[in-house]
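Scroll down for the structure; my scribbles are underneath it.
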Amino acid sequence: MVIVMRKAAREWIEKYSSISKVHEAITGPRRMGRPGTVENYVKGVQKFVAFVGCSDPEVALSKFQSGELNASQKVDQYIDFALKKYAHKTVRNQLFGIKKWLQLNEVKVNWESIEFPTSVEVSETDKAPSKEEIKTLLTHAKRARDRAVILLGISSGLRLGTLLSLTIGDVDPNYSDVARLKVDKKPGRKFMSRGSMSNGRFYCTFITPEAKQVLLQYFKEREAAGEKLTGQSPLIGDAYNQGKFITVEDFERVWHRLLKRAGLADKSKRWYVLHVHTLRKFFRSNCVGVNPSYREFWMGHKGGYLDESYFRAEEELHLNEYRKTIPYLTIYSITEGSGFQVDALRMTILQDVLKGFGASREELKRLTENYERAKNVDAVIGEFKRLMDEKKTLPNGNGPEYFVAKHEGELVQKLKEGWKLVRPLNGNKYLLQHS
């Protein structure tokens, strides 16, 4: 399973023994905590170490241990300093990391005399995306993978880090409509520790028929690209279909670029209003008419972890509740009786994407005909983008006559006829000018 952690935190864990202690304490067998928690702790320590004038946490510890720096005083001063730059909740979370680091490395601080910031101040604004905004994001998503993440995110309610840590073996598509995602309790996955059923080993959620079909299409395209899929393969893989997991950090970069292409990159203060975790917010707000205890279980909230036998006894109840949400969690409402039209969904997505790229009615008709033969959305979108590149290459006005040779044989023939090569184009094509 991928360890979802940013590079800066990983480097400090590998380089500094005092930080490695924090990592072991949180993710080790006693706590089995998330790498995301460690990352936040390390980030807090990094900022605190810089505040006291050091670049090396071991040097800072040495100064605290020798008495050269007063740890209690510096922590108290850091709080006032940090609150000028960060939200109360952010500073509070940083302090948990600083406290853990100092305690594990035997630096005494009078914590009872230090007043932690409140966590209730709200400094950032976000919102659940609307269905139209989700449709816009799907339209501008360049890869089947990214469309799969969006639809899985809004229909499963999983945290992004959890979703990106799943394997293909964690998916059960053998239902008439939906698919089931199983999240086992493992190091690196967020499981709340309190609640009446907290001793369970897993939780489950489901995805809509729409998300299921896009996910299965994504698997086919990975296989067509040469990736060998097994139960241990990442559910969501890298951009080059090499069987590698993608980190939260990398997918957040993809998401930020997508927001900009879609014209939805509004910011509150430091965050985007539609940051990637609002997909989970969409799920929660659109679980209409279901028992809240089921919804909380699907989202992996505290008190919702079961043993296999207990879940099997209740699975039909879960399915009945989840099916109530399908109309509210579905973006493209394409149904025929009780079945789900896979090709109709893909065609709708394709046409929306092509319109977003500026396809004319004639181009749209020809390219969708190509899709009906190939059944590959991304290949058709790629072909259209190449055509658009060629159009941009051709000069405007009443200048010389131009021609695009589709292959080397046509190039040679045109050169024999007196045409002159202007420049090579994408896709083994060539722009020629009549001499």
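The chains in the structure tokens are called A, B, ... from first to last as shown; in each chain the residues are counted from 1, and the ligands are counted from 1 in the order shown.
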
Q: List every residue of segment 124-345 of chain A that DSSP, applied to the backbone of this structure, places in alpha helix (DSSP H), and write the result as a PyMOL selection string.
A: chain A and resi 131-140+144-156+160-165+209-224+248-261+278-285+292-298+308-329+342-345

Go ahead and save the picked residues with C-alpha atoms, as a CSV table (one decimal), in the first residue's frame.
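Contents of again_35.csv, freshly written:
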```
chain,number,residue,atom,x,y,z
A,131,LYS,CA,-23.8,18.9,-10.0
A,132,GLU,CA,-23.2,21.5,-12.7
A,133,GLU,CA,-19.8,22.2,-11.3
A,134,ILE,CA,-19.0,18.5,-11.1
A,135,LYS,CA,-20.1,18.2,-14.7
A,136,THR,CA,-17.8,21.1,-15.7
A,137,LEU,CA,-14.9,19.4,-13.9
A,138,LEU,CA,-15.6,16.1,-15.7
A,139,THR,CA,-15.8,18.0,-19.0
A,140,HIS,CA,-12.3,19.5,-18.5
A,144,ALA,CA,-10.1,8.7,-17.5
A,145,ARG,CA,-8.3,8.4,-14.2
A,146,ASP,CA,-9.2,11.9,-13.1
A,147,ARG,CA,-12.9,11.4,-14.1
A,148,ALA,CA,-12.9,8.1,-12.1
A,149,VAL,CA,-11.5,9.9,-9.0
A,150,ILE,CA,-14.2,12.6,-9.2
A,151,LEU,CA,-17.0,10.1,-9.6
A,152,LEU,CA,-15.7,7.7,-7.0
A,153,GLY,CA,-15.1,10.6,-4.6
A,154,ILE,CA,-18.6,12.0,-4.8
A,155,SER,CA,-20.4,8.6,-4.7
A,156,SER,CA,-18.3,6.8,-2.0
A,160,LEU,CA,-8.9,11.2,-0.8
A,161,GLY,CA,-5.9,9.5,1.0
A,162,THR,CA,-8.0,6.4,1.6
A,163,LEU,CA,-9.3,6.2,-1.9
A,164,LEU,CA,-5.7,6.5,-3.4
A,165,SER,CA,-4.5,3.8,-1.0
A,209,PRO,CA,-23.6,2.6,-11.4
A,210,GLU,CA,-22.3,5.7,-13.2
A,211,ALA,CA,-19.0,5.7,-11.2
A,212,LYS,CA,-18.7,1.9,-11.5
A,213,GLN,CA,-18.9,2.0,-15.3
A,214,VAL,CA,-16.4,4.8,-15.6
A,215,LEU,CA,-14.0,2.9,-13.2
A,216,LEU,CA,-14.3,-0.3,-15.3
A,217,GLN,CA,-13.7,1.7,-18.5
A,218,TYR,CA,-10.6,3.1,-16.8
A,219,PHE,CA,-9.4,-0.4,-16.0
A,220,LYS,CA,-9.8,-1.4,-19.7
A,221,GLU,CA,-7.8,1.6,-20.9
A,222,ARG,CA,-5.0,0.8,-18.5
A,223,GLU,CA,-4.9,-2.8,-19.8
A,224,ALA,CA,-5.0,-1.5,-23.4
A,248,VAL,CA,-2.4,12.8,-2.4
A,249,GLU,CA,0.2,15.5,-3.0
A,250,ASP,CA,0.5,14.6,-6.7
A,251,PHE,CA,-3.3,14.3,-7.2
A,252,GLU,CA,-3.9,17.7,-5.5
A,253,ARG,CA,-1.6,19.2,-8.2
A,254,VAL,CA,-3.8,17.5,-10.9
A,255,TRP,CA,-6.9,18.9,-9.1
A,256,HIS,CA,-5.5,22.5,-9.0
A,257,ARG,CA,-4.8,22.4,-12.7
A,258,LEU,CA,-8.2,21.0,-13.4
A,259,LEU,CA,-9.9,23.8,-11.4
A,260,LYS,CA,-8.1,26.4,-13.4
A,261,ARG,CA,-9.0,24.8,-16.8
A,278,THR,CA,-15.2,18.9,-1.0
A,279,LEU,CA,-16.0,15.8,-3.1
A,280,ARG,CA,-16.5,14.1,0.2
A,281,LYS,CA,-18.7,17.0,1.3
A,282,PHE,CA,-20.8,16.6,-1.9
A,283,PHE,CA,-21.4,13.0,-0.8
A,284,ARG,CA,-22.5,13.9,2.7
A,285,SER,CA,-24.8,16.6,1.6
A,292,PRO,CA,-27.5,8.8,9.3
A,293,SER,CA,-25.8,5.9,11.0
A,294,TYR,CA,-25.4,4.2,7.6
A,295,ARG,CA,-24.0,7.4,6.0
A,296,GLU,CA,-21.5,7.8,8.9
A,297,PHE,CA,-20.4,4.1,8.4
A,298,TRP,CA,-19.8,4.6,4.7
A,308,GLU,CA,-17.0,-9.5,8.3
A,309,SER,CA,-19.8,-11.7,9.7
A,310,TYR,CA,-21.7,-8.7,11.2
A,311,PHE,CA,-21.5,-6.8,7.9
A,312,ARG,CA,-22.7,-9.7,5.9
A,313,ALA,CA,-25.8,-10.0,8.0
A,314,GLU,CA,-26.5,-6.3,7.4
A,315,GLU,CA,-25.3,-5.9,3.8
A,316,GLU,CA,-28.8,-6.0,2.3
A,317,LEU,CA,-29.9,-3.2,4.7
A,318,HIS,CA,-26.8,-1.1,3.6
A,319,LEU,CA,-27.6,-1.7,-0.1
A,320,ASN,CA,-31.3,-0.7,0.4
A,321,GLU,CA,-30.2,2.6,2.1
A,322,TYR,CA,-27.4,3.3,-0.4
A,323,ARG,CA,-29.7,2.8,-3.4
A,324,LYS,CA,-31.9,5.7,-2.1
A,325,THR,CA,-29.0,8.0,-2.7
A,326,ILE,CA,-28.2,7.0,-6.3
A,327,PRO,CA,-30.4,9.7,-8.0
A,328,TYR,CA,-28.8,12.4,-5.8
A,329,LEU,CA,-25.2,11.2,-6.3
A,342,VAL,CA,-22.9,2.5,-20.3
A,343,ASP,CA,-22.3,3.8,-23.9
A,344,ALA,CA,-24.9,6.5,-23.4
A,345,LEU,CA,-23.0,7.8,-20.4
```

Q: Work out how far apart atom CA of Ser130 of chain A and atom CA of Thr330 of chain A are and give it in Å to one decimal.
A: 11.5 Å

Q | Shell around Lys43 of chain A at 12 Å using only C-alpha atoms, local window under 6 positions removed, as a ChimeraX atom specification | A | /A:5-13,19,22,36-37,49-50,57,90-91,93-98,101

Q: Write out as a VMD selection string which residues come within 12 Å of segment 71-73 of chain A when counting only C-alpha atoms, dropping same-chain ones fewer than 3 positions away.
A: chain A and resid 48 to 49 52 60 to 68 76 to 80 98 to 99 101 to 103 106 to 115
